[in-house]
Structure formats: C-alpha cells, structure tokens
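This is input.txt (compact mmCIF, C-alpha atoms).
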# COMPACT_ATOMS: atom_id res chain seq x y z
CA MET F 1 -14.92 7.23 -2.18
CA ILE F 2 -16.99 10.37 -1.64
CA GLY F 3 -18.30 8.91 1.58
CA LEU F 4 -14.77 8.22 2.70
CA LEU F 5 -13.79 11.81 2.02
CA VAL F 6 -16.85 13.63 3.26
CA ARG F 7 -18.17 11.76 6.26
CA ARG F 8 -16.38 12.11 9.56
CA ASN F 9 -18.29 9.41 11.37
CA LEU F 10 -16.10 6.33 11.64
CA LEU F 11 -19.03 3.96 11.10
CA PHE F 12 -19.92 5.70 7.85
CA ILE F 13 -16.31 5.60 6.77
CA LEU F 14 -16.30 1.83 7.27
CA MET F 15 -19.55 1.51 5.35
CA SER F 16 -18.08 3.54 2.51
CA LEU F 17 -15.06 1.25 2.55
CA GLU F 18 -17.41 -1.69 2.16
CA VAL F 19 -19.00 -0.02 -0.84
CA MET F 20 -15.60 0.59 -2.41
CA VAL F 21 -14.47 -3.00 -1.85
CA ASN F 22 -17.77 -4.16 -3.26
CA ALA F 23 -17.19 -2.01 -6.34
CA ALA F 24 -13.83 -3.66 -6.88
CA GLY F 25 -15.47 -7.07 -6.61
CA LEU F 26 -18.17 -5.99 -9.06
CA ALA F 27 -15.50 -4.91 -11.53
CA PHE F 28 -13.79 -8.30 -11.22
CA VAL F 29 -17.02 -10.23 -11.73
CA VAL F 30 -17.99 -8.09 -14.73
CA ALA F 31 -14.56 -8.58 -16.28
CA GLY F 32 -14.72 -12.32 -15.68
CA ALA F 33 -18.21 -12.49 -17.18
CA SER F 34 -17.24 -10.51 -20.25
CA HIS F 35 -14.30 -12.83 -20.91
CA GLY F 36 -16.22 -15.95 -19.99
CA GLN F 37 -13.64 -16.95 -17.41
CA ALA F 38 -14.13 -18.09 -13.82
CA ASP F 39 -11.17 -16.07 -12.53
CA GLY F 40 -13.34 -13.03 -11.89
CA GLN F 41 -15.48 -14.89 -9.39
CA VAL F 42 -12.38 -16.40 -7.79
CA MET F 43 -11.00 -12.92 -7.23
CA PHE F 44 -14.40 -11.88 -5.89
CA ILE F 45 -14.18 -14.64 -3.29
CA PHE F 46 -10.75 -13.37 -2.24
CA ILE F 47 -12.09 -9.82 -2.04
CA LEU F 48 -14.89 -11.16 0.14
CA ALA F 49 -12.33 -12.71 2.51
CA VAL F 50 -10.37 -9.47 2.64
CA ALA F 51 -13.53 -7.47 3.36
CA ALA F 52 -14.55 -9.86 6.13
CA ALA F 53 -11.15 -9.61 7.84
CA GLU F 54 -11.06 -5.85 7.37
CA VAL F 55 -14.51 -5.28 8.82
CA ALA F 56 -13.84 -7.49 11.84
CA VAL F 57 -10.70 -5.56 12.80
CA GLY F 58 -12.25 -2.22 11.82
CA LEU F 59 -15.34 -2.69 13.95
CA ALA F 60 -13.23 -3.77 16.92
CA LEU F 61 -11.27 -0.54 16.47
CA VAL F 62 -14.54 1.41 16.28
CA LEU F 63 -15.63 -0.06 19.61
CA LEU F 64 -12.26 0.78 21.17
CA LEU F 65 -12.38 4.35 19.87
CA TYR F 66 -15.92 4.82 21.15
CA HIS F 67 -15.09 3.50 24.59
CA ARG F 68 -12.11 5.83 24.81
CA TYR F 69 -13.43 9.07 23.33
CA ARG F 70 -17.21 8.59 23.63
CA THR F 71 -17.57 9.70 20.04
CA LEU F 72 -17.17 8.32 16.56
CA ASP F 73 -15.64 11.47 15.10
CA VAL F 74 -12.36 10.48 13.52
CA ASP F 75 -10.96 13.97 14.04
CA MET F 76 -10.96 13.23 17.76
CA ALA F 77 -8.53 10.40 17.10
CA SER F 78 -5.92 12.60 15.48
CA GLN F 79 -3.50 12.13 18.38
CA LEU F 80 -2.20 8.62 18.31
CA ARG F 81 0.49 8.47 20.93
CA GLY F 82 0.08 5.06 22.42
CA MET T 83 -32.27 -9.51 -20.29
CA ASP T 84 -30.75 -6.09 -20.35
CA TRP T 85 -33.46 -4.21 -18.56
CA LEU T 86 -33.13 -6.43 -15.48
CA PHE T 87 -29.48 -5.39 -15.30
CA TYR T 88 -30.29 -1.73 -15.74
CA ILE T 89 -33.02 -1.68 -13.11
CA ALA T 90 -30.82 -3.46 -10.59
CA GLY T 91 -27.95 -1.11 -11.38
CA VAL T 92 -30.10 1.97 -10.89
CA VAL T 93 -31.38 0.55 -7.60
CA ALA T 94 -27.81 -0.15 -6.47
CA VAL T 95 -26.56 3.34 -7.30
CA GLY T 96 -29.60 5.02 -5.80
CA ALA T 97 -29.43 3.00 -2.59
CA THR T 98 -25.72 3.74 -2.24
CA LEU T 99 -26.30 7.46 -2.71
CA MET T 100 -29.09 7.39 -0.14
CA MET T 101 -26.77 5.52 2.21
CA LEU T 102 -24.10 8.18 1.87
CA THR T 103 -26.48 11.02 2.66
CA ARG T 104 -28.20 9.56 5.70
CA GLN T 105 -27.50 11.03 9.10
CA ASN T 106 -28.45 7.98 11.10
CA ALA T 107 -26.31 4.85 10.98
CA VAL T 108 -29.24 2.43 11.06
CA HIS T 109 -30.96 4.17 8.15
CA ALA T 110 -27.71 4.08 6.20
CA LEU T 111 -27.36 0.37 6.97
CA LEU T 112 -30.83 -0.34 5.59
CA TYR T 113 -29.91 1.34 2.33
CA LEU T 114 -26.52 -0.37 2.25
CA ILE T 115 -28.16 -3.79 2.56
CA VAL T 116 -30.51 -2.94 -0.30
CA SER T 117 -27.49 -1.81 -2.33
CA LEU T 118 -25.72 -5.11 -1.73
CA LEU T 119 -28.84 -7.07 -2.68
CA ALA T 120 -29.05 -5.05 -5.89
CA VAL T 121 -25.42 -5.86 -6.68
CA ALA T 122 -26.26 -9.52 -6.07
CA VAL T 123 -29.04 -9.28 -8.65
CA VAL T 124 -26.56 -7.68 -11.05
CA PHE T 125 -24.20 -10.62 -10.49
CA PHE T 126 -26.99 -13.07 -11.19
CA VAL T 127 -28.00 -11.34 -14.40
CA LEU T 128 -24.37 -11.21 -15.49
CA GLY T 129 -24.17 -14.99 -15.22
CA ALA T 130 -22.32 -15.35 -11.92
CA PRO T 131 -24.83 -17.12 -9.64
CA PHE T 132 -22.17 -18.28 -7.18
CA ALA T 133 -20.93 -14.72 -6.64
CA ALA T 134 -24.54 -13.59 -6.23
CA ALA T 135 -25.16 -16.19 -3.53
CA LEU T 136 -21.94 -15.26 -1.73
CA GLU T 137 -22.85 -11.58 -1.91
CA VAL T 138 -26.21 -12.19 -0.25
CA ILE T 139 -24.97 -14.67 2.35
CA ILE T 140 -21.66 -13.11 3.38
CA TYR T 141 -22.01 -9.42 2.58
CA ALA T 142 -25.68 -8.72 3.20
CA GLY T 143 -25.86 -11.45 5.83
CA ALA T 144 -22.71 -11.71 7.90
CA ILE T 145 -20.91 -8.40 7.45
CA MET T 146 -24.02 -6.25 7.76
CA VAL T 147 -25.04 -8.16 10.88
CA LEU T 148 -21.62 -7.23 12.32
CA PHE T 149 -22.34 -3.58 11.58
CA ILE T 150 -25.76 -3.80 13.20
CA PHE T 151 -24.21 -5.46 16.26
CA VAL T 152 -21.77 -2.58 16.61
CA VAL T 153 -24.49 0.03 16.18
CA MET T 154 -26.56 -1.66 18.85
CA LEU T 155 -23.52 -1.99 21.13
CA LEU T 156 -22.83 1.71 20.82
CA ASN T 157 -26.36 2.57 21.90
CA VAL T 158 -26.84 0.46 24.99
CA GLY T 159 -28.64 2.17 27.82
CA PRO T 160 -32.11 3.17 28.88
CA ARG T 161 -32.63 5.31 25.80
CA ALA T 162 -31.91 2.45 23.42
CA GLY T 163 -35.52 1.28 23.31
CA GLU T 164 -37.05 4.61 22.42
CA LEU T 165 -34.18 5.24 20.01
CA GLU T 166 -35.00 1.99 18.28
CA SER T 167 -38.64 2.84 17.96
CA ALA T 168 -37.69 6.29 16.68
CA TRP T 169 -35.38 4.78 14.09
CA LEU T 170 -37.98 2.51 12.56
CA THR T 171 -40.80 4.86 11.70
CA PRO T 172 -42.57 4.03 8.44
CA THR T 173 -41.00 7.01 6.67
CA VAL T 174 -37.61 5.49 7.38
CA TRP T 175 -38.12 1.98 6.09
CA ALA T 176 -40.41 2.97 3.22
CA GLY T 177 -37.50 3.88 0.94
CA PRO T 178 -35.47 0.70 1.40
CA ALA T 179 -38.67 -1.34 1.31
CA VAL T 180 -39.64 0.09 -2.09
CA LEU T 181 -36.18 -0.57 -3.53
CA ALA T 182 -36.12 -4.08 -2.09
CA ALA T 183 -39.60 -4.71 -3.52
CA ILE T 184 -38.27 -3.76 -6.96
CA LEU T 185 -35.46 -6.29 -6.54
CA ALA T 186 -37.88 -8.93 -5.29
CA GLY T 187 -40.05 -8.32 -8.34
CA GLU T 188 -37.04 -8.89 -10.57
CA ILE T 189 -36.21 -12.15 -8.80
CA VAL T 190 -39.80 -13.37 -9.06
CA TYR T 191 -39.78 -12.48 -12.76
CA ILE T 192 -36.52 -14.38 -13.33
CA LEU T 193 -37.73 -17.44 -11.45
CA SER T 194 -41.14 -17.48 -13.06
CA SER T 195 -39.73 -17.37 -16.59
CA PRO T 196 -37.06 -20.07 -16.90
CA GLY T 197 -34.32 -19.39 -19.38
CA LEU T 198 -35.18 -15.72 -19.58
CA GLY T 199 -32.81 -14.32 -16.99
CA ILE T 200 -29.46 -15.23 -18.44
CA GLU T 201 -28.39 -17.07 -21.53
CA PRO T 202 -26.75 -20.39 -20.57
CA ALA T 203 -23.67 -19.74 -22.67
CA ALA T 204 -22.70 -16.67 -20.64
CA GLU T 205 -23.26 -18.30 -17.26
CA ILE T 206 -20.22 -19.42 -15.28
CA PRO T 207 -21.40 -22.25 -13.03
CA PRO T 208 -20.01 -22.79 -9.52
CA GLU T 209 -18.20 -25.93 -10.68
CA ARG T 210 -15.85 -23.92 -12.85
CA VAL T 211 -15.28 -21.44 -10.03
CA GLY T 212 -14.45 -24.25 -7.64
CA LEU T 213 -12.09 -25.90 -10.11
CA ALA T 214 -10.27 -22.62 -10.68
CA LEU T 215 -10.23 -21.85 -6.95
CA TYR T 216 -8.59 -25.12 -5.96
CA GLY T 217 -6.51 -25.49 -9.10
CA PRO T 218 -4.30 -22.55 -10.10
CA TYR T 219 -5.37 -20.42 -7.12
CA LEU T 220 -4.55 -22.90 -4.38
CA VAL T 221 -1.76 -20.82 -2.88
CA ALA T 222 -4.00 -17.78 -2.84
CA VAL T 223 -6.64 -19.76 -0.95
CA GLU T 224 -4.06 -20.64 1.68
CA LEU T 225 -3.01 -17.00 1.88
CA ALA T 226 -6.64 -15.97 2.31
CA SER T 227 -6.97 -18.41 5.19
CA MET T 228 -3.88 -16.88 6.77
CA LEU T 229 -5.41 -13.43 6.32
CA LEU T 230 -8.65 -14.53 7.96
CA LEU T 231 -6.70 -16.00 10.85
CA GLY T 232 -4.86 -12.70 11.18
CA GLY T 233 -8.13 -10.83 11.21
CA LEU T 234 -9.54 -13.19 13.82
CA VAL T 235 -6.54 -12.81 16.09
CA GLY T 236 -6.50 -9.04 15.58
CA ALA T 237 -10.17 -8.61 16.41
CA TYR T 238 -9.82 -10.87 19.44
CA HIS T 239 -6.82 -8.93 20.65
CA LEU T 240 -8.59 -5.59 20.30
CA GLY T 241 -11.69 -6.83 22.08
CA ARG T 242 -9.63 -8.38 24.85
CA GLU T 243 -7.69 -5.16 25.38
CA ASP T 244 -11.00 -3.38 25.70
CA ARG T 245 -12.10 -5.76 28.44
CA VAL T 246 -8.85 -5.21 30.33
CA ARG T 247 -9.48 -1.47 30.19
CA LEU T 248 -12.99 -1.92 31.51
CA GLU T 249 -11.75 -4.09 34.37
CA THR T 250 -9.20 -1.50 35.40
CA ALA T 251 -11.86 1.19 35.16
CA THR T 252 -14.19 -0.66 37.50
CA HIS T 253 -11.37 -1.44 39.93
CA GLY T 254 -10.61 2.23 40.34
CA VAL T 255 -6.96 2.06 39.35
CA HIS T 256 -7.72 3.55 36.01
CA THR T 257 -6.35 7.04 35.45
CA ASP T 258 -7.80 7.58 32.02
CA VAL T 259 -9.90 10.62 32.97
CA ALA T 260 -9.60 12.71 29.86
CA GLY T 261 -9.30 9.69 27.68
CA SER T 262 -6.18 11.08 26.11
CA ASP T 263 -3.39 9.54 28.15
CA SER T 264 -1.73 6.23 27.42
CA GLY T 265 -4.63 4.08 28.54
CA GLY T 266 -4.25 1.95 25.48
CA ASP T 267 -0.67 1.10 26.30
CA LEU T 268 -0.61 -2.64 26.03
CA VAL T 269 2.32 -3.12 28.34
CA ARG T 270 0.88 -0.93 31.03
CA ALA T 271 -2.58 -2.44 30.67
CA GLY T 272 -1.18 -5.90 31.09
CA SER T 273 0.92 -4.97 34.08
CA ASP T 274 -2.07 -3.26 35.67
CA ARG T 275 -4.10 -6.33 35.21
CA THR T 276 -1.54 -8.70 36.64
CA ALA T 277 -0.88 -6.34 39.52
CA GLY T 278 -4.59 -6.17 40.28
CA ALA T 279 -4.90 -9.91 40.10
CA ALA T 280 -1.93 -10.40 42.39
I need this file expressed as structure tokens, please.
Amino acid sequence: MIGLLVRRNLLFILMSLEVMVNAAGLAFVVAGASHGQADGQVMFIFILAVAAAEVAVGLALVLLLYHRYRTLDVDMASQLRG
Amino acid sequence: MDWLFYIAGVVAVGATLMMLTRQNAVHALLYLIVSLLAVAVVFFVLGAPFAAALEVIIYAGAIMVLFIFVVMLLNVGPRAGELESAWLTPTVWAGPAVLAAILAGEIVYILSSPGLGIEPAAEIPPERVGLALYGPYLVAVELASMLLLGGLVGAYHLGREDRVRLETATHGVHTDVAGSDSGGDLVRAGSDRTAGAA
C-alpha cells in the first residue's frame, strides 16, 4: 500500500498492486490453514485468476501510456479526455 | 517447524521492502520474485502445498515474466544492451541471491528431513482443494473463467489499438504531436485505419 501511495512510476504501482493482492491471498491461505478447511486455497486460486487478468490489462495500459507520453509517470496521465 | 515459517516471513518482508525502495524496475523485479518465492515457502510450511506450487508457477513464473517482458519492451533500442549489462552487476543481484539462497536452504532442509516440515494433520492436500473447487465453488470457477476471458479480450484490444496508432504514425497521417490530443479515440483510430486501407 505504501508503494502504491509513494511511487509515481506506473510499473512500480503495478508491482505494489501485486504485493497487495498477494497479501490478500496469504491472508486467505492462513485463515484456511488455521481452520483446517480447503476454502482458503480455493479463494487463493480465484485471487490468482484475478491477479492474472489484472496484470494483463494493466501492462497493456502501461505500454499504451508509454507509447503516448514517453514516460511512466502517472501524473502525466492526469488528463484523460479520450 | 516454526522457525522455517519465521525465516521465510522475514525474507518475504525484507524482499518486499527492498523492492519498494529500488529505483530501477529490474532490481525491484528481482526482489519481488524473491518475495513471492518466500511467500510460497510460507504456504508450504503452513500446510498448503498446492497454493505454494501455484504461487511459484503462476506468480513467480508467469506474471513476473510478463513484467520482465514489459520492462524489456520499454527499453528497446541501441542502449538496451549496455543498460542490461549495467543492471546486472554483482552488487545488484547479490541481495536477491542471498535471500533466495536462504529460501533454497530451507527447501533443502525440508526435503532432506521427511516429516519435519509440516505435521500431516495440518496439511490440506490438493485433493480436498479440487473437491471444494469443483463442488460448492463451481459457479465461481465459471465466473473466474469469464473474468479471464474479459482480461484476454481487454489486453488484446489495448494491444491492437496500439498497433493501429503505430500504423497511422508511420503512414504520416498521425497528428499526435504533443501526445495530448485525442489520438486514443477508438472511433477516429478505426476510421483512420479504414481510410488509409481504402
């Protein structure tokens, strides 16, 4: 979360998002392990699918932004008008 | 074994902090991969071997490879070679290598001492995960497949729009000089393309 707030490089923001999603998955697996249920790992698999879809679209957007602005600074992309 | 969990946890937190404070994307990616491997070891010690395998294969394998692809795509050009050699000096990969060696030592210790890593009662085998996944969670699996299809179509659409923009740029009908006009307008991009083709 700190990385998401502090860094202005879009690639680092995506990496921080991965860390946060991973933390959510870790919490699910730990909860499932402490209760002895398999549901935690099932939710981890779903989180994995969400992270894969998110990173595919996010990295395509990173490439688009870089080709347009020649930078990865997200402050440059503050004007979204089509 | 508690100390395996604690060592892997410390490695994960340390690698993530190092990732957040790097300036270079490739250095941060090295630490992020080590962090994901450490979380995989934590999963294994917690008795979730299937989640650990998925973490290594999908996260540290597939998703990180996507990141590395994008980093390499953003740095194409004549300077890419010297940049690459400048990125991988020994002082850069020494930190991730040490952390990964700690994790490898843990794995070797677990494998060399059977029954020491996790107690069998706490372990949730992949069979139970599979039964739960295709039993009560069947609808969620279908929804996840829909989400992945959406992600696939979205990424393909974004990449395709990028190629249209590049085509118009090379054909000289591209007016996106400052990069701030409506070059991303889908309707206009499509009409440009069809007009150029006709």
Within 12 Å of Asn106 (chain T), counting only C-alpha atoms, which residues qualify if same-chain residues fewer than 3 places away don't, as a VMD selection string? (chain F and resid 7 9 11 to 12) or (chain T and resid 100 to 103 109 to 113 153 165 to 166 168 to 170 174)
Find, counting only C-alpha atoms, the residue in F:Leu5, F:Gly58, F:Gln37, F:Val50 that gets nearest to Ala24 (chain F). F:Val50
Just want the 8 Å neighbourhood of Val19 (chain F), counted on all atoms listed in the file, with same-chain residues fewer than 4 positions away dropped. Output as an mmCIF file with C-alpha atoms, in the coordinates of the input.
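The resulting part.cif:
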data_model
loop_
_atom_site.group_PDB
_atom_site.id
_atom_site.type_symbol
_atom_site.label_atom_id
_atom_site.label_comp_id
_atom_site.auth_asym_id
_atom_site.auth_seq_id
_atom_site.Cartn_x
_atom_site.Cartn_y
_atom_site.Cartn_z
ATOM 1 C CA MET F 15 -19.550 1.510 5.350
ATOM 2 C CA ALA F 23 -17.190 -2.010 -6.340
ATOM 3 C CA THR T 98 -25.720 3.740 -2.240
#
Need to verify the contact set: Leu215 (chain T), 10 Å, only C-alpha atoms, exclusion of same-chain residues closer than 6 positions in sequence. Can you return it as a count of residues only? 11
How close does each residue of chain F get to chain T, giving the shortest atom pair and distance in Å to one decimal for every residue with an atom at most 7 Å away, counting only C-alpha atoms, sorted by chain and residue number, as JSON lines?
{"residue": "F:Gly3", "atom": "CA", "partner": "T:Leu102", "partner_atom": "CA", "distance": 5.9}
{"residue": "F:Ala33", "atom": "CA", "partner": "T:Leu128", "partner_atom": "CA", "distance": 6.5}
{"residue": "F:Gly36", "atom": "CA", "partner": "T:Ala204", "partner_atom": "CA", "distance": 6.6}
{"residue": "F:Ala38", "atom": "CA", "partner": "T:Val211", "partner_atom": "CA", "distance": 5.2}
{"residue": "F:Asp39", "atom": "CA", "partner": "T:Ala214", "partner_atom": "CA", "distance": 6.9}
{"residue": "F:Gln41", "atom": "CA", "partner": "T:Ala133", "partner_atom": "CA", "distance": 6.1}
{"residue": "F:Val42", "atom": "CA", "partner": "T:Leu215", "partner_atom": "CA", "distance": 5.9}
{"residue": "F:Phe46", "atom": "CA", "partner": "T:Ala226", "partner_atom": "CA", "distance": 6.7}
{"residue": "F:Ala49", "atom": "CA", "partner": "T:Ala226", "partner_atom": "CA", "distance": 6.6}
{"residue": "F:Ala52", "atom": "CA", "partner": "T:Ile145", "partner_atom": "CA", "distance": 6.7}
{"residue": "F:Ala53", "atom": "CA", "partner": "T:Gly233", "partner_atom": "CA", "distance": 4.7}
{"residue": "F:Glu54", "atom": "CA", "partner": "T:Gly233", "partner_atom": "CA", "distance": 6.9}
{"residue": "F:Ala56", "atom": "CA", "partner": "T:Ala237", "partner_atom": "CA", "distance": 6.0}
{"residue": "F:Val57", "atom": "CA", "partner": "T:Ala237", "partner_atom": "CA", "distance": 4.8}
{"residue": "F:Leu59", "atom": "CA", "partner": "T:Val152", "partner_atom": "CA", "distance": 7.0}
{"residue": "F:Ala60", "atom": "CA", "partner": "T:Ala237", "partner_atom": "CA", "distance": 5.7}
{"residue": "F:Leu61", "atom": "CA", "partner": "T:Leu240", "partner_atom": "CA", "distance": 6.9}
{"residue": "F:Leu64", "atom": "CA", "partner": "T:Asp244", "partner_atom": "CA", "distance": 6.3}
{"residue": "F:Arg68", "atom": "CA", "partner": "T:Gly261", "partner_atom": "CA", "distance": 5.6}
{"residue": "F:Tyr69", "atom": "CA", "partner": "T:Gly261", "partner_atom": "CA", "distance": 6.0}
{"residue": "F:Gly82", "atom": "CA", "partner": "T:Ser264", "partner_atom": "CA", "distance": 5.4}
Using all atoms listed in the file, pick whichever of F:Val62, F:Val6, F:Ser34, F:Met20 has the shortest atom-to-atom distance to Ala77 (chain F).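 Once distances to Ala77 (chain F) are computed over all atoms listed in the file, the minimum belongs to F:Val62.
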Quick one: 8 Å padding each side, axis-aligned, all listed atoms of region 100-115 of chain T - centre and edge lengths in Å to one decimal, as AutoDock Vina command-line options?
--center_x -27.5 --center_y 3.6 --center_z 5.5 --size_x 22.9 --size_y 30.8 --size_z 27.2
Just the number, please: distance in Å from CA of Ala179 (chain T) to CA of Ile139 (chain T), one decimal.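 So the two atoms, CA of Ala179 (chain T) and CA of Ile139 (chain T), lie 19.1 Å apart.
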Computed interatomic separation between CA of Ser16 (chain F) and CA of Met154 (chain T) (Å):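 Separation between CA of Ser16 (chain F) and CA of Met154 (chain T): 19.1 Å.
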Figure out the distance between CA of Leu119 (chain T) and CA of Ala94 (chain T), please, to one decimal in Å. 8.0 Å
Within 8 Å of Val123 (chain T) using only C-alpha atoms, minus same-chain residues under 5 positions, as a short mmCIF file (atom, residue, chain, number, x, y, z; two decimals) with C-alpha atoms, keeping the file's coordinate frame:
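That gives us around.cif:
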data_model
loop_
_atom_site.label_atom_id
_atom_site.label_comp_id
_atom_site.auth_asym_id
_atom_site.auth_seq_id
_atom_site.Cartn_x
_atom_site.Cartn_y
_atom_site.Cartn_z
CA PHE T 87 -29.48 -5.39 -15.30
CA ALA T 90 -30.82 -3.46 -10.59
CA ALA T 134 -24.54 -13.59 -6.23
CA LEU T 185 -35.46 -6.29 -6.54
CA ILE T 189 -36.21 -12.15 -8.80
#
Identify which of the residues T:Asn157, T:Leu220, T:Ala186, T:Thr171 lies closest to Arg70 (chain F), counting all atoms listed in the file when measuring atom-to-atom distances.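 Selected residue with least distance to Arg70 (chain F): T:Asn157.
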Give me region 38-48 of chain F with all heavy atoms filled in, as an mmCIF file, keeping the file's coordinate frame.
data_model
loop_
_atom_site.group_PDB
_atom_site.id
_atom_site.type_symbol
_atom_site.label_atom_id
_atom_site.label_comp_id
_atom_site.auth_asym_id
_atom_site.auth_seq_id
_atom_site.Cartn_x
_atom_site.Cartn_y
_atom_site.Cartn_z
ATOM 1 N N ALA F 38 -13.717 -17.976 -15.214
ATOM 2 C CA ALA F 38 -14.130 -18.090 -13.820
ATOM 3 C C ALA F 38 -13.220 -17.315 -12.877
ATOM 4 O O ALA F 38 -13.498 -17.234 -11.691
ATOM 5 C CB ALA F 38 -14.160 -19.558 -13.398
ATOM 6 N N ASP F 39 -12.149 -16.744 -13.404
ATOM 7 C CA ASP F 39 -11.170 -16.070 -12.530
ATOM 8 C C ASP F 39 -11.763 -14.849 -11.835
ATOM 9 O O ASP F 39 -11.352 -14.509 -10.729
ATOM 10 C CB ASP F 39 -9.963 -15.658 -13.354
ATOM 11 C CG ASP F 39 -9.349 -16.834 -14.077
ATOM 12 O OD1 ASP F 39 -9.895 -17.222 -15.122
ATOM 13 O OD2 ASP F 39 -8.362 -17.371 -13.576
ATOM 14 N N GLY F 40 -12.714 -14.192 -12.504
ATOM 15 C CA GLY F 40 -13.340 -13.030 -11.890
ATOM 16 C C GLY F 40 -14.046 -13.387 -10.595
ATOM 17 O O GLY F 40 -13.894 -12.705 -9.575
ATOM 18 N N GLN F 41 -14.777 -14.485 -10.616
ATOM 19 C CA GLN F 41 -15.480 -14.890 -9.390
ATOM 20 C C GLN F 41 -14.496 -15.373 -8.333
ATOM 21 O O GLN F 41 -14.737 -15.202 -7.130
ATOM 22 C CB GLN F 41 -16.490 -15.977 -9.713
ATOM 23 C CG GLN F 41 -17.613 -15.466 -10.586
ATOM 24 C CD GLN F 41 -18.694 -16.489 -10.766
ATOM 25 O OE1 GLN F 41 -19.244 -16.995 -9.800
ATOM 26 N NE2 GLN F 41 -19.008 -16.794 -12.016
ATOM 27 N N VAL F 42 -13.392 -15.989 -8.757
ATOM 28 C CA VAL F 42 -12.380 -16.400 -7.790
ATOM 29 C C VAL F 42 -11.820 -15.178 -7.067
ATOM 30 O O VAL F 42 -11.697 -15.144 -5.833
ATOM 31 C CB VAL F 42 -11.265 -17.189 -8.496
ATOM 32 C CG1 VAL F 42 -10.110 -17.430 -7.559
ATOM 33 C CG2 VAL F 42 -11.800 -18.500 -9.000
ATOM 34 N N MET F 43 -11.514 -14.142 -7.856
ATOM 35 C CA MET F 43 -11.000 -12.920 -7.230
ATOM 36 C C MET F 43 -12.067 -12.280 -6.348
ATOM 37 O O MET F 43 -11.763 -11.681 -5.313
ATOM 38 C CB MET F 43 -10.557 -11.936 -8.308
ATOM 39 C CG MET F 43 -9.285 -12.304 -9.003
ATOM 40 S SD MET F 43 -7.967 -12.695 -7.863
ATOM 41 C CE MET F 43 -7.662 -11.106 -7.174
ATOM 42 N N PHE F 44 -13.335 -12.409 -6.734
ATOM 43 C CA PHE F 44 -14.400 -11.880 -5.890
ATOM 44 C C PHE F 44 -14.439 -12.597 -4.543
ATOM 45 O O PHE F 44 -14.660 -11.972 -3.501
ATOM 46 C CB PHE F 44 -15.742 -12.013 -6.593
ATOM 47 C CG PHE F 44 -16.898 -11.579 -5.755
ATOM 48 C CD1 PHE F 44 -17.115 -10.236 -5.512
ATOM 49 C CD2 PHE F 44 -17.761 -12.496 -5.193
ATOM 50 C CE1 PHE F 44 -18.164 -9.828 -4.726
ATOM 51 C CE2 PHE F 44 -18.813 -12.086 -4.405
ATOM 52 C CZ PHE F 44 -19.012 -10.759 -4.177
ATOM 53 N N ILE F 45 -14.199 -13.899 -4.559
ATOM 54 C CA ILE F 45 -14.180 -14.640 -3.290
ATOM 55 C C ILE F 45 -13.028 -14.145 -2.405
ATOM 56 O O ILE F 45 -13.182 -13.952 -1.195
ATOM 57 C CB ILE F 45 -14.062 -16.149 -3.564
ATOM 58 C CG1 ILE F 45 -15.340 -16.628 -4.238
ATOM 59 C CG2 ILE F 45 -13.842 -16.919 -2.296
ATOM 60 C CD1 ILE F 45 -15.258 -18.038 -4.723
ATOM 61 N N PHE F 46 -11.869 -13.889 -3.029
ATOM 62 C CA PHE F 46 -10.750 -13.370 -2.240
ATOM 63 C C PHE F 46 -11.061 -11.987 -1.686
ATOM 64 O O PHE F 46 -10.731 -11.670 -0.534
ATOM 65 C CB PHE F 46 -9.489 -13.321 -3.100
ATOM 66 C CG PHE F 46 -8.966 -14.677 -3.447
ATOM 67 C CD1 PHE F 46 -8.354 -14.922 -4.657
ATOM 68 C CD2 PHE F 46 -9.097 -15.712 -2.549
ATOM 69 C CE1 PHE F 46 -7.889 -16.177 -4.978
ATOM 70 C CE2 PHE F 46 -8.640 -16.970 -2.855
ATOM 71 C CZ PHE F 46 -8.026 -17.205 -4.076
ATOM 72 N N ILE F 47 -11.704 -11.154 -2.513
ATOM 73 C CA ILE F 47 -12.090 -9.820 -2.040
ATOM 74 C C ILE F 47 -13.062 -9.935 -0.872
ATOM 75 O O ILE F 47 -13.004 -9.168 0.093
ATOM 76 C CB ILE F 47 -12.679 -9.017 -3.207
ATOM 77 C CG1 ILE F 47 -11.565 -8.586 -4.143
ATOM 78 C CG2 ILE F 47 -13.435 -7.805 -2.717
ATOM 79 C CD1 ILE F 47 -12.047 -7.884 -5.369
ATOM 80 N N LEU F 48 -13.941 -10.933 -0.952
ATOM 81 C CA LEU F 48 -14.890 -11.160 0.140
ATOM 82 C C LEU F 48 -14.138 -11.499 1.435
ATOM 83 O O LEU F 48 -14.470 -10.988 2.505
ATOM 84 C CB LEU F 48 -15.814 -12.303 -0.257
ATOM 85 C CG LEU F 48 -17.247 -12.264 0.217
ATOM 86 C CD1 LEU F 48 -17.906 -11.005 -0.275
ATOM 87 C CD2 LEU F 48 -17.973 -13.462 -0.339
#
